[in-house]
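Enquirer: Sharing data.cif below, mmCIF, C-alpha atoms (C1' of nucleotides):
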```cif
data_structure
loop_
_atom_site.label_atom_id
_atom_site.label_comp_id
_atom_site.auth_asym_id
_atom_site.auth_seq_id
_atom_site.Cartn_x
_atom_site.Cartn_y
_atom_site.Cartn_z
CA MET A 2 0.00 0.00 0.00
CA LEU A 3 0.91 3.60 -0.33
CA ARG A 4 3.54 5.08 -2.49
CA GLN A 5 6.82 3.36 -2.90
CA PRO A 6 10.10 4.97 -3.68
CA PRO A 7 10.85 4.89 -7.41
CA PRO A 8 12.73 1.85 -8.68
CA SER A 9 16.46 1.88 -8.20
CA ARG A 10 18.44 2.54 -11.34
CA SER A 11 21.37 0.39 -10.38
CA ARG A 12 19.46 -2.63 -9.17
CA PRO A 13 16.57 -3.61 -11.42
CA ALA A 14 13.45 -4.42 -9.44
CA ARG A 15 12.31 -7.98 -9.14
CA ALA A 16 9.71 -6.68 -6.77
CA SER A 17 7.26 -9.08 -5.28
CA ASP A 18 5.65 -7.02 -2.58
CA ARG A 19 5.16 -3.43 -1.79
CA GLU A 20 8.42 -2.46 -0.24
CA THR A 21 10.97 -3.99 -2.53
CA ALA A 22 13.61 -1.85 -4.19
CA ALA A 23 13.48 1.07 -1.84
CA HIS A 24 15.86 3.91 -2.25
CA PRO A 25 18.73 4.06 0.18
CA ASP A 26 18.12 7.01 2.38
CA ASP A 27 15.72 9.79 1.53
CA HIS A 28 12.74 7.47 1.71
CA ARG A 29 13.52 6.02 5.12
CA ALA A 30 10.21 7.04 6.59
CA LEU A 31 8.21 5.72 3.68
CA ARG A 32 10.02 2.43 3.77
CA LEU A 33 9.50 2.03 7.47
CA TRP A 34 5.83 2.80 7.12
CA LEU A 35 5.37 0.27 4.35
CA ARG A 36 7.05 -2.37 6.45
CA MET A 37 4.89 -1.63 9.47
CA LEU A 38 1.84 -1.87 7.27
CA THR A 39 2.94 -5.15 5.75
CA CYS A 40 3.65 -6.71 9.13
CA THR A 41 0.32 -5.67 10.54
CA GLN A 42 -1.55 -6.89 7.51
CA LEU A 43 0.18 -10.25 7.50
CA ILE A 44 -0.72 -10.89 11.11
CA GLU A 45 -4.19 -9.46 10.86
CA ARG A 46 -5.00 -11.52 7.81
CA ASN A 47 -3.80 -14.63 9.51
CA ILE A 48 -5.98 -13.96 12.55
CA ARG A 49 -9.00 -13.19 10.42
CA ASN A 50 -8.61 -16.46 8.57
CA GLN A 51 -8.23 -18.44 11.74
CA LEU A 52 -11.27 -16.84 13.30
CA ARG A 53 -13.29 -17.55 10.21
CA LEU A 54 -12.17 -21.14 9.77
CA ARG A 55 -12.12 -22.19 13.41
CA PHE A 56 -15.05 -20.25 14.78
CA GLY A 57 -17.01 -18.85 11.85
CA THR A 58 -16.63 -15.34 13.17
CA THR A 59 -14.86 -12.12 12.27
CA LEU A 60 -12.25 -9.91 13.83
CA PRO A 61 -14.57 -6.97 14.56
CA ARG A 62 -17.01 -9.25 16.34
CA PHE A 63 -14.23 -10.81 18.32
CA ASP A 64 -12.90 -7.39 19.13
CA LEU A 65 -16.23 -6.15 20.40
CA MET A 66 -16.70 -9.21 22.57
CA SER A 67 -13.21 -8.80 23.95
CA GLN A 68 -14.07 -5.29 25.08
CA LEU A 69 -17.15 -6.58 26.81
CA GLU A 70 -15.27 -9.35 28.53
CA ARG A 71 -13.19 -6.77 30.33
CA HIS A 72 -16.35 -4.98 31.47
CA PRO A 73 -18.90 -7.51 32.64
CA GLU A 74 -21.16 -4.71 33.79
CA GLY A 75 -21.52 -3.69 30.17
CA LEU A 76 -20.45 -0.78 28.00
CA LYS A 77 -22.45 1.90 26.27
CA MET A 78 -22.35 2.07 22.52
CA ASN A 79 -20.27 5.22 22.49
CA GLU A 80 -17.77 3.68 24.89
CA LEU A 81 -17.42 0.71 22.59
CA SER A 82 -16.98 3.06 19.69
CA ARG A 83 -14.20 4.94 21.44
CA ARG A 84 -12.39 1.86 22.68
CA MET A 85 -12.56 0.08 19.36
CA MET A 86 -11.62 3.24 17.52
CA VAL A 87 -14.41 2.86 15.01
CA SER A 88 -17.48 4.93 14.21
CA GLY A 89 -20.69 4.69 16.15
CA GLY A 90 -22.68 3.46 13.19
CA ASN A 91 -20.22 0.66 12.82
CA VAL A 92 -20.71 -0.42 16.41
CA THR A 93 -24.45 -0.47 15.82
CA GLY A 94 -23.98 -2.88 12.95
CA ILE A 95 -21.60 -5.24 14.69
CA THR A 96 -23.74 -5.27 17.81
CA ASP A 97 -26.80 -6.10 15.73
CA GLN A 98 -25.01 -9.13 14.36
CA LEU A 99 -23.90 -10.33 17.76
CA VAL A 100 -27.37 -9.84 19.20
CA LYS A 101 -28.77 -11.90 16.36
CA GLU A 102 -26.28 -14.62 17.23
CA GLY A 103 -27.29 -14.43 20.87
CA LEU A 104 -23.80 -13.57 22.08
CA VAL A 105 -24.47 -10.08 23.43
CA GLU A 106 -27.53 -8.16 24.62
CA ARG A 107 -28.61 -4.56 24.79
CA VAL A 108 -29.77 -3.57 28.24
CA ALA A 109 -31.93 -0.45 28.56
CA GLN A 110 -30.68 2.26 30.87
CA PRO A 111 -33.43 3.72 33.04
CA ALA A 112 -31.21 6.66 33.94
CA ASP A 113 -30.77 7.72 30.33
CA ARG A 114 -33.36 6.44 27.96
CA ARG A 115 -31.23 7.27 24.94
CA ALA A 116 -28.48 4.87 25.89
CA PHE A 117 -27.94 1.12 26.16
CA CYS A 118 -25.50 -1.04 27.99
CA VAL A 119 -24.21 -3.85 25.84
CA ARG A 120 -23.22 -7.01 27.69
CA LEU A 121 -22.06 -10.50 26.91
CA THR A 122 -24.76 -13.09 27.37
CA ARG A 123 -23.94 -16.30 29.20
CA ALA A 124 -23.51 -18.00 25.84
CA GLY A 125 -21.32 -15.15 24.65
CA THR A 126 -19.09 -15.40 27.67
CA LYS A 127 -18.59 -19.07 27.12
CA VAL A 128 -17.93 -18.81 23.40
CA PHE A 129 -15.53 -15.95 23.89
CA ALA A 130 -13.46 -17.78 26.47
CA GLU A 131 -12.92 -20.56 24.01
CA MET A 132 -11.91 -18.25 21.21
CA ALA A 133 -9.67 -16.07 23.33
CA GLY A 134 -7.48 -18.96 24.34
CA GLU A 135 -6.73 -19.97 20.79
CA HIS A 136 -6.40 -16.39 19.72
CA GLU A 137 -3.56 -15.83 22.08
CA THR A 138 -1.68 -18.87 20.92
CA TRP A 139 -1.99 -17.64 17.33
CA ILE A 140 -0.51 -14.30 18.28
CA VAL A 141 2.28 -15.87 20.28
CA GLY A 142 3.10 -18.07 17.33
CA LEU A 143 3.07 -15.26 14.82
CA LEU A 144 5.40 -13.17 16.97
CA SER A 145 7.69 -15.97 18.02
CA GLY A 146 10.27 -14.93 15.45
CA ILE A 147 11.67 -12.37 17.85
CA ASN A 148 13.04 -13.00 21.30
CA ARG A 149 12.10 -11.45 24.58
CA ARG A 150 14.63 -8.68 24.39
CA GLU A 151 13.48 -7.76 20.92
CA HIS A 152 9.88 -7.76 22.08
CA GLN A 153 10.78 -5.12 24.60
CA ASP A 154 12.72 -3.02 22.14
CA LEU A 155 9.94 -3.19 19.60
CA LEU A 156 7.36 -2.31 22.21
CA ALA A 157 9.35 0.71 23.29
CA LEU A 158 9.96 1.94 19.77
CA LEU A 159 6.32 1.59 18.89
CA ALA A 160 5.41 3.47 22.04
CA LYS A 161 7.36 6.40 20.69
CA VAL A 162 5.73 6.12 17.31
CA LYS A 163 2.32 5.90 18.90
CA LEU A 164 2.87 8.90 21.09
CA HIS A 165 4.03 11.08 18.27
CA ALA A 166 1.48 9.91 15.74
CA THR A 167 -1.27 10.41 18.28
CA GLY A 168 -0.19 13.96 18.86
CA ALA A 169 0.20 14.61 15.17
CA GLY A 170 -3.29 13.32 14.46
CA GLN A 171 -5.65 16.27 14.36
CA GLY A 172 -6.93 16.03 17.89
CA LYS A 173 -9.19 13.04 17.51
CA ASP A 174 -9.00 9.91 19.62
CA VAL A 175 -6.09 10.96 21.76
CA GLY A 176 -5.84 8.07 24.20
CA MET B 20 -8.72 -4.49 18.57
CA LEU B 21 -8.39 -8.06 19.56
CA ARG B 22 -8.41 -9.49 22.98
CA GLN B 23 -6.72 -7.66 25.76
CA PRO B 24 -5.24 -9.13 28.86
CA PRO B 25 -7.70 -9.09 31.76
CA PRO B 26 -7.68 -6.01 33.96
CA SER B 27 -5.07 -5.90 36.66
CA ARG B 28 -6.35 -6.51 40.15
CA SER B 29 -3.90 -4.22 41.84
CA ARG B 30 -4.20 -1.25 39.53
CA PRO B 31 -7.77 -0.43 38.53
CA ALA B 32 -8.10 0.31 34.86
CA ARG B 33 -8.69 3.83 33.68
CA ALA B 34 -8.40 2.42 30.21
CA SER B 35 -8.85 4.71 27.30
CA ASP B 36 -7.65 2.64 24.40
CA ARG B 37 -7.21 -0.95 23.61
CA GLU B 38 -3.92 -1.74 25.22
CA THR B 39 -4.18 -0.10 28.57
CA ALA B 40 -3.76 -2.12 31.75
CA ALA B 41 -1.87 -5.02 30.26
CA HIS B 42 -0.60 -7.77 32.45
CA PRO B 43 3.08 -7.75 33.19
CA ASP B 44 4.55 -10.69 31.42
CA ASP B 45 2.53 -13.60 30.16
CA HIS B 46 0.73 -11.48 27.60
CA ARG B 47 3.80 -9.91 26.05
CA ALA B 48 2.95 -11.03 22.56
CA LEU B 49 -0.63 -9.85 22.79
CA ARG B 50 0.42 -6.51 24.08
CA LEU B 51 2.99 -6.05 21.36
CA TRP B 52 0.48 -6.99 18.73
CA LEU B 53 -2.08 -4.53 20.01
CA ARG B 54 0.48 -1.78 19.98
CA MET B 55 1.54 -2.57 16.42
CA LEU B 56 -2.06 -2.49 15.40
CA THR B 57 -2.73 0.80 17.13
CA CYS B 58 0.28 2.47 15.56
CA THR B 59 -0.62 1.30 12.11
CA GLN B 60 -4.20 2.38 12.47
CA LEU B 61 -3.28 5.81 13.77
CA ILE B 62 -1.04 6.49 10.82
CA GLU B 63 -3.33 4.90 8.28
CA ARG B 64 -6.31 6.86 9.51
CA ASN B 65 -4.35 10.05 9.32
CA ILE B 66 -3.29 9.37 5.75
CA ARG B 67 -6.81 8.40 4.71
CA ASN B 68 -8.15 11.65 6.09
CA GLN B 69 -5.53 13.72 4.40
CA LEU B 70 -6.10 12.02 1.06
CA ARG B 71 -9.82 12.57 1.37
CA LEU B 72 -9.63 16.20 2.45
CA ARG B 73 -6.78 17.34 0.22
CA PHE B 74 -7.44 15.31 -2.89
CA GLY B 75 -10.87 13.75 -2.59
CA THR B 76 -9.44 10.29 -3.04
CA THR B 77 -8.93 7.14 -1.02
CA LEU B 78 -5.98 5.07 0.12
CA PRO B 79 -6.72 2.06 -2.10
CA ARG B 80 -6.92 4.27 -5.18
CA PHE B 81 -3.72 6.00 -4.24
CA ASP B 82 -2.11 2.64 -3.63
CA LEU B 83 -3.12 1.30 -7.00
CA MET B 84 -1.84 4.39 -8.77
CA SER B 85 1.41 4.16 -6.86
CA GLN B 86 1.93 0.65 -8.17
CA LEU B 87 1.34 1.86 -11.69
CA GLU B 88 3.70 4.76 -11.32
CA ARG B 89 6.52 2.32 -10.76
CA HIS B 90 5.53 0.42 -13.90
CA PRO B 91 4.76 2.87 -16.68
CA GLU B 92 4.42 -0.01 -19.12
CA GLY B 93 1.39 -1.15 -17.15
CA LEU B 94 0.50 -4.05 -14.91
CA LYS B 95 -1.95 -6.86 -15.34
CA MET B 96 -4.84 -7.12 -12.95
CA ASN B 97 -3.44 -10.16 -11.22
CA GLU B 98 -0.08 -8.44 -10.78
CA LEU B 99 -1.83 -5.54 -9.13
CA SER B 100 -3.71 -7.94 -6.96
CA ARG B 101 -0.53 -9.65 -5.81
CA ARG B 102 1.41 -6.47 -5.21
CA MET B 103 -1.38 -4.78 -3.33
CA MET B 104 -2.13 -7.93 -1.40
CA VAL B 105 -5.85 -7.75 -2.06
CA SER B 106 -8.27 -9.96 -3.92
CA GLY B 107 -8.78 -9.84 -7.66
CA GLY B 108 -12.36 -8.74 -7.38
CA ASN B 109 -11.24 -5.84 -5.28
CA VAL B 110 -8.77 -4.71 -7.92
CA THR B 111 -11.56 -4.85 -10.48
CA GLY B 112 -13.64 -2.47 -8.40
CA ILE B 113 -10.90 0.02 -7.67
CA THR B 114 -9.76 0.01 -11.27
CA ASP B 115 -13.32 0.66 -12.42
CA GLN B 116 -13.44 3.74 -10.23
CA LEU B 117 -10.13 5.07 -11.47
CA VAL B 118 -11.11 4.46 -15.07
CA LYS B 119 -14.30 6.40 -14.46
CA GLU B 120 -12.20 9.25 -13.08
CA GLY B 121 -9.95 9.09 -16.14
CA LEU B 122 -6.82 8.42 -14.12
CA VAL B 123 -6.01 4.94 -15.41
CA GLU B 124 -6.86 2.93 -18.49
CA ARG B 125 -7.24 -0.71 -19.38
CA VAL B 126 -5.20 -1.65 -22.42
CA ALA B 127 -6.15 -4.82 -24.26
CA GLN B 128 -3.43 -7.43 -24.67
CA PRO B 129 -3.39 -8.92 -28.14
CA ALA B 130 -1.20 -11.75 -26.90
CA ASP B 131 -3.72 -12.89 -24.32
CA ARG B 132 -7.25 -11.76 -24.90
CA ARG B 133 -8.26 -12.55 -21.33
CA ALA B 134 -5.86 -10.04 -19.82
CA PHE B 135 -5.46 -6.28 -19.62
CA CYS B 136 -2.63 -4.00 -18.87
CA VAL B 137 -3.66 -1.21 -16.58
CA ARG B 138 -1.75 2.04 -17.00
CA LEU B 139 -1.81 5.56 -15.69
CA THR B 140 -3.24 8.03 -18.15
CA ARG B 141 -1.45 11.29 -18.72
CA ALA B 142 -3.88 12.94 -16.31
CA GLY B 143 -3.35 10.17 -13.79
CA THR B 144 0.40 10.58 -13.94
CA LYS B 145 0.11 14.26 -13.29
CA VAL B 146 -2.38 13.93 -10.45
CA PHE B 147 -0.39 11.20 -8.81
CA ALA B 148 2.83 13.18 -8.83
CA GLU B 149 1.12 15.92 -6.93
CA MET B 150 -0.36 13.59 -4.36
CA ALA B 151 2.79 11.56 -3.88
CA GLY B 152 4.81 14.56 -2.84
CA GLU B 153 2.45 15.52 -0.08
CA HIS B 154 1.96 11.94 0.91
CA GLU B 155 5.61 11.53 1.67
CA THR B 156 5.72 14.63 3.82
CA TRP B 157 2.78 13.32 5.83
CA ILE B 158 4.57 10.07 6.48
CA VAL B 159 7.80 11.78 7.38
CA GLY B 160 5.91 13.96 9.82
CA LEU B 161 4.05 11.10 11.40
CA LEU B 162 7.25 9.15 11.92
CA SER B 163 9.37 12.08 13.02
CA GLY B 164 8.98 11.08 16.66
CA ILE B 165 11.86 8.66 16.32
CA ASN B 166 15.37 9.41 15.21
CA ARG B 167 17.43 7.90 12.48
CA ARG B 168 18.98 5.21 14.63
CA GLU B 169 15.58 4.19 15.92
CA HIS B 170 14.27 4.06 12.37
CA GLN B 171 16.91 1.51 11.56
CA ASP B 172 16.27 -0.55 14.65
CA LEU B 173 12.56 -0.56 14.04
CA LEU B 174 13.03 -1.48 10.42
CA ALA B 175 15.24 -4.40 11.39
CA LEU B 176 12.91 -5.68 14.07
CA LEU B 177 9.95 -5.49 11.76
CA ALA B 178 11.94 -7.34 9.14
CA LYS B 179 12.20 -10.22 11.57
CA VAL B 180 8.53 -10.08 12.36
CA LYS B 181 7.68 -9.98 8.71
CA LEU B 182 9.88 -12.89 7.86
CA HIS B 183 8.48 -15.09 10.57
CA ALA B 184 4.86 -14.09 10.11
CA THR B 185 5.19 -14.64 6.37
CA GLY B 186 6.48 -18.14 6.93
CA ALA B 187 3.85 -18.86 9.54
CA GLY B 188 1.10 -17.70 7.23
CA GLN B 189 -0.35 -20.69 5.43
CA GLY B 190 1.63 -20.42 2.26
CA LYS B 191 -0.14 -17.48 0.68
CA ASP B 192 1.54 -14.31 -0.50
CA VAL B 193 5.03 -15.18 0.50
CA GLY B 194 6.98 -12.18 -0.77
"C1'" DC C 25 -8.30 -31.74 -33.34
"C1'" DC C 26 -10.35 -31.74 -28.95
"C1'" DA C 27 -11.73 -32.44 -24.34
"C1'" DG C 28 -10.53 -30.86 -19.78
"C1'" DA C 29 -7.62 -28.22 -16.77
"C1'" DA C 30 -5.82 -23.86 -15.81
"C1'" DT C 31 -5.79 -18.89 -16.10
"C1'" DG C 32 -7.47 -13.89 -16.14
"C1'" DC C 33 -10.91 -11.30 -14.98
"C1'" DT C 34 -15.69 -10.08 -13.46
"C1'" DT C 35 -19.81 -10.74 -10.78
"C1'" DT C 36 -22.31 -11.57 -6.65
"C1'" DA C 37 -23.55 -11.79 -1.80
"C1'" DG C 38 -22.36 -10.27 2.41
"C1'" DG C 39 -19.75 -7.92 5.98
"C1'" DC C 40 -16.97 -3.85 7.56
"C1'" DC C 41 -16.34 1.07 7.82
"C1'" DT C 42 -17.03 6.09 7.28
"C1'" DG C 43 -19.20 10.60 7.13
"C1'" DT C 44 -23.61 12.61 7.23
"C1'" DT C 45 -28.28 13.00 8.48
"C1'" DT C 46 -32.20 11.83 11.46
"C1'" DT C 47 -34.74 10.78 15.70
"C1'" DA C 48 -35.23 10.62 20.54
"C1'" DT C 49 -33.83 12.25 24.78
"C1'" DT C 50 -31.42 15.09 28.10
"C1'" DC C 51 -29.41 19.33 29.64
"C1'" DA C 52 -28.68 24.35 30.44
"C1'" DG C 53 -30.02 28.86 30.58
"C1'" DA C 54 -33.32 32.71 30.02
"C1'" DT D 7 -41.19 26.45 32.05
"C1'" DC D 8 -39.69 26.50 27.60
"C1'" DT D 9 -36.44 26.63 23.97
"C1'" DG D 10 -32.29 25.60 21.82
"C1'" DA D 11 -27.87 23.12 22.21
"C1'" DA D 12 -25.86 18.85 23.04
"C1'" DT D 13 -25.80 13.86 23.23
"C1'" DA D 14 -26.94 8.65 22.20
"C1'" DA D 15 -28.04 5.73 18.98
"C1'" DA D 16 -29.68 4.44 14.44
"C1'" DA D 17 -30.43 5.01 9.35
"C1'" DC D 18 -28.42 5.87 4.99
"C1'" DA D 19 -25.37 6.25 0.97
"C1'" DG D 20 -21.21 4.89 -0.71
"C1'" DG D 21 -16.67 2.71 -0.84
"C1'" DC D 22 -13.57 -1.23 0.47
"C1'" DC D 23 -12.84 -6.12 0.91
"C1'" DT D 24 -13.45 -11.16 0.68
"C1'" DA D 25 -14.75 -15.86 -0.79
"C1'" DA D 26 -17.08 -18.23 -4.10
"C1'" DA D 27 -19.15 -18.75 -8.52
"C1'" DG D 28 -19.18 -17.67 -13.40
"C1'" DC D 29 -17.42 -16.58 -18.11
"C1'" DA D 30 -14.18 -16.29 -21.54
"C1'" DT D 31 -9.79 -17.64 -23.26
"C1'" DT D 32 -5.57 -20.28 -23.36
"C1'" DC D 33 -2.95 -24.29 -22.59
"C1'" DT D 34 -2.02 -29.34 -22.51
"C1'" DG D 35 -2.08 -34.08 -23.29
"C1'" DG D 36 -4.14 -37.40 -25.83
#
```
Starting from the coordinates I provided, produce the structure as structure tokens.

Expert:
Amino acid sequence: MLRQPPPSRSRPARASDRETAAHPDDHRALRLWLRMLTCTQLIERNIRNQLRLRFGTTLPRFDLMSQLERHPEGLKMNELSRRMMVSGGNVTGITDQLVKEGLVERVAQPADRRAFCVRLTRAGTKVFAEMAGEHETWIVGLLSGINRREHQDLLALLAKVKLHATGAGQGKDVG
Amino acid sequence: MLRQPPPSRSRPARASDRETAAHPDDHRALRLWLRMLTCTQLIERNIRNQLRLRFGTTLPRFDLMSQLERHPEGLKMNELSRRMMVSGGNVTGITDQLVKEGLVERVAQPADRRAFCVRLTRAGTKVFAEMAGEHETWIVGLLSGINRREHQDLLALLAKVKLHATGAGQGKDVG
DNA sequence: CCAGAATGCTTTAGGCCTGTTTTATTCAGA
DNA sequence: TCTGAATAAAACAGGCCTAAAGCATTCTGG
């Protein structure tokens, strides 16, 4: 994705993915970004496939349920929206699906009749526990190419990136 | 996104985004993954917004054009699909849009009447050049929170992640 | 030559996601 | 109290994306 540096003159491109044949220096940032993107997509795609094949579900649904698991008392739609970093309308749609599947429920709020609390049902809790276990082993496997020290370094570097990119973003979703 | 470690007993969560309140050690991989995902999404969202506001276009369209810029002779649909790491049907749709906007063209291949070459039009070349310049400055800005040394470290660490995750992926898109 | 397999692309159904608009409700101030 | 601003959620239009099915063309082994 995104723009790549132009092909190198000296070394003809036998490109196979998006970041091959990068220029040596001026395009450092671009190259780094493309690599981040590729890594994330590789992992994400893998997880999506596993979720689909093993459990017949999707990443957004899993994500929503995982938020609810951490808050058994339930979350309002707008809280879900903020935590998942997606739009409110999107949360409406995903919640609808999960309600249809009987995994979550909307609970009316007497205090504010505009709002709902969304909660895992008993069935949802059970199903999620099963999925979450496997999910973690997938992640561990996908990231097992780097050792513990490298984990820490990567985590720290990404913390810096996150901090700066959050600030640079135009004031939305600063967490 | 994705499952988070359960909330810490000792330190009550004032969570605001998806990776707050992680457990100390056992969930290292999960935590790292969530941070990768957050970073990528922050940057990607920023770029999408900029493309929309400044140029009225989208990231996938920009991405497709950027592939074509590197191959003025044109690329076949399936080559685009492979390079962009998206499905063939998706490439069909994006190409349709860009053709409608007059930015790319499908060129029939006499040698193989099933296939097309997709190329930037003159207008597309011009428009893309303009966008690409700004695009790079956005990326540079978003990643300016880390210095040159850190860039290199991050690039190297992600290379390891990429390599391993590519191998672990079930044989598709090994680039 | 000629079936059948493989290839290149499109179509279709369905889900995700966004920005915008709409509806219902709550809040804040005159 | 009443009116307008703000908020919560949903509806809507439109684009992205996938897997699977379909159509045309090319290739391959008899």

Enquirer: Neighbouring residues of Thr111 of chain B were defined as those with any atom within 12 Å, considering all atoms listed in the file; residues of the same chain fewer than 5 positions away were excluded. Please report them as a ChimeraX atom specification.

Expert: /B:79-80,83,95-97,99-100,105-106,116-118,125,135,137 /C:32-35 /D:22-23

Enquirer: Work out how far atom CA of Pro73 of chain A is from atom CA of Val108 of chain A, in Å to one decimal.

Expert: 12.4 Å

Enquirer: How far is it from atom CA of Leu104 of chain A to atom CA of Gln60 of chain B, in Å with one decimal?

Expert: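 Spanning atom CA of Leu104 of chain A to atom CA of Gln60 of chain B is a straight-line distance of 27.0 Å.
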
Enquirer: Evaluate the PyMOL selection byres ((chain D) within 9 of (chain B)) and record the selected residues as a list in words, following the chain and residue labels used in the document.

Expert: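 Matching residues under the PyMOL selection byres ((chain D) within 9 of (chain B)) are DG21, DC22, DC23, DT24, DA30, DT31 and DT32 of chain D.
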
Enquirer: Could you work out how far atom CA of Leu56 of chain B lies from atom CA of Lys101 of chain A, giving the answer in Å with one decimal?

Expert: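 Result for atom CA of Lys101 of chain A versus atom CA of Leu56 of chain B: 28.3 Å, one decimal.
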
Enquirer: Pick from C:DT31, C:DA54, C:DG39, C:DT44: nearest to chain B, with all atoms listed in the file counted?

Expert: C:DT31

Enquirer: Using all atoms listed in the file, find the one residue out of A:Gly134, A:Leu33, A:Thr58, A:Leu69 that sits nearest to chain C.

Expert: A:Thr58

Enquirer: Starting from the displayed file, determine the output of the PyMOL selection byres ((chain C) within 7 of (chain A)) and express the residue list as a list of chain:residue names.

Expert: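 Listing what the PyMOL selection byres ((chain C) within 7 of (chain A)) selects in the shown file: C:DC41, C:DA48, C:DT49.
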
Enquirer: Can you work out which one of B:Ala130, B:Thr144, B:Gln69, B:Val180 has the shortest atom-to-atom distance to chain A, counting all atoms listed in the file?

Expert: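 Smallest separation from chain A among the options: B:Val180.
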
Enquirer: Complete segment 135-152 of chain B at the level of N, CA and C atoms, written as a CSV table (one decimal), in the frame of the given file.

Expert:
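Result went into rebuild-v1.csv, see below:
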```csv
chain,number,residue,atom,x,y,z
B,135,PHE,N,-5.7,-7.7,-19.3
B,135,PHE,CA,-5.5,-6.3,-19.6
B,135,PHE,C,-4.1,-5.8,-19.0
B,136,CYS,N,-3.6,-4.8,-19.6
B,136,CYS,CA,-2.6,-4.0,-18.9
B,136,CYS,C,-3.3,-2.8,-18.4
B,137,VAL,N,-3.1,-2.4,-17.1
B,137,VAL,CA,-3.7,-1.2,-16.6
B,137,VAL,C,-2.5,-0.2,-16.5
B,138,ARG,N,-2.8,1.0,-17.0
B,138,ARG,CA,-1.8,2.0,-17.0
B,138,ARG,C,-2.3,3.4,-16.5
B,139,LEU,N,-1.4,4.2,-16.0
B,139,LEU,CA,-1.8,5.6,-15.7
B,139,LEU,C,-2.1,6.3,-17.0
B,140,THR,N,-3.1,7.1,-17.0
B,140,THR,CA,-3.2,8.0,-18.2
B,140,THR,C,-2.3,9.2,-17.9
B,141,ARG,N,-2.3,10.1,-18.9
B,141,ARG,CA,-1.4,11.3,-18.7
B,141,ARG,C,-2.0,12.1,-17.5
B,142,ALA,N,-3.3,12.2,-17.4
B,142,ALA,CA,-3.9,12.9,-16.3
B,142,ALA,C,-3.5,12.2,-15.0
B,143,GLY,N,-3.6,10.9,-15.0
B,143,GLY,CA,-3.4,10.2,-13.8
B,143,GLY,C,-1.9,10.4,-13.3
B,144,THR,N,-1.0,10.4,-14.3
B,144,THR,CA,0.4,10.6,-13.9
B,144,THR,C,0.6,11.9,-13.3
B,145,LYS,N,0.0,12.9,-13.8
B,145,LYS,CA,0.1,14.3,-13.3
B,145,LYS,C,-0.5,14.4,-11.9
B,146,VAL,N,-1.7,13.9,-11.7
B,146,VAL,CA,-2.4,13.9,-10.4
B,146,VAL,C,-1.6,13.2,-9.4
B,147,PHE,N,-1.1,12.0,-9.8
B,147,PHE,CA,-0.4,11.2,-8.8
B,147,PHE,C,0.9,11.9,-8.3
B,148,ALA,N,1.6,12.5,-9.2
B,148,ALA,CA,2.8,13.2,-8.8
B,148,ALA,C,2.6,14.2,-7.7
B,149,GLU,N,1.5,14.9,-7.9
B,149,GLU,CA,1.1,15.9,-6.9
B,149,GLU,C,0.8,15.3,-5.6
B,150,MET,N,0.0,14.2,-5.6
B,150,MET,CA,-0.4,13.6,-4.4
B,150,MET,C,0.8,13.0,-3.7
B,151,ALA,N,1.7,12.3,-4.5
B,151,ALA,CA,2.8,11.6,-3.9
B,151,ALA,C,3.7,12.5,-3.1
B,152,GLY,N,3.9,13.6,-3.6
B,152,GLY,CA,4.8,14.6,-2.8
B,152,GLY,C,4.3,14.8,-1.4
```
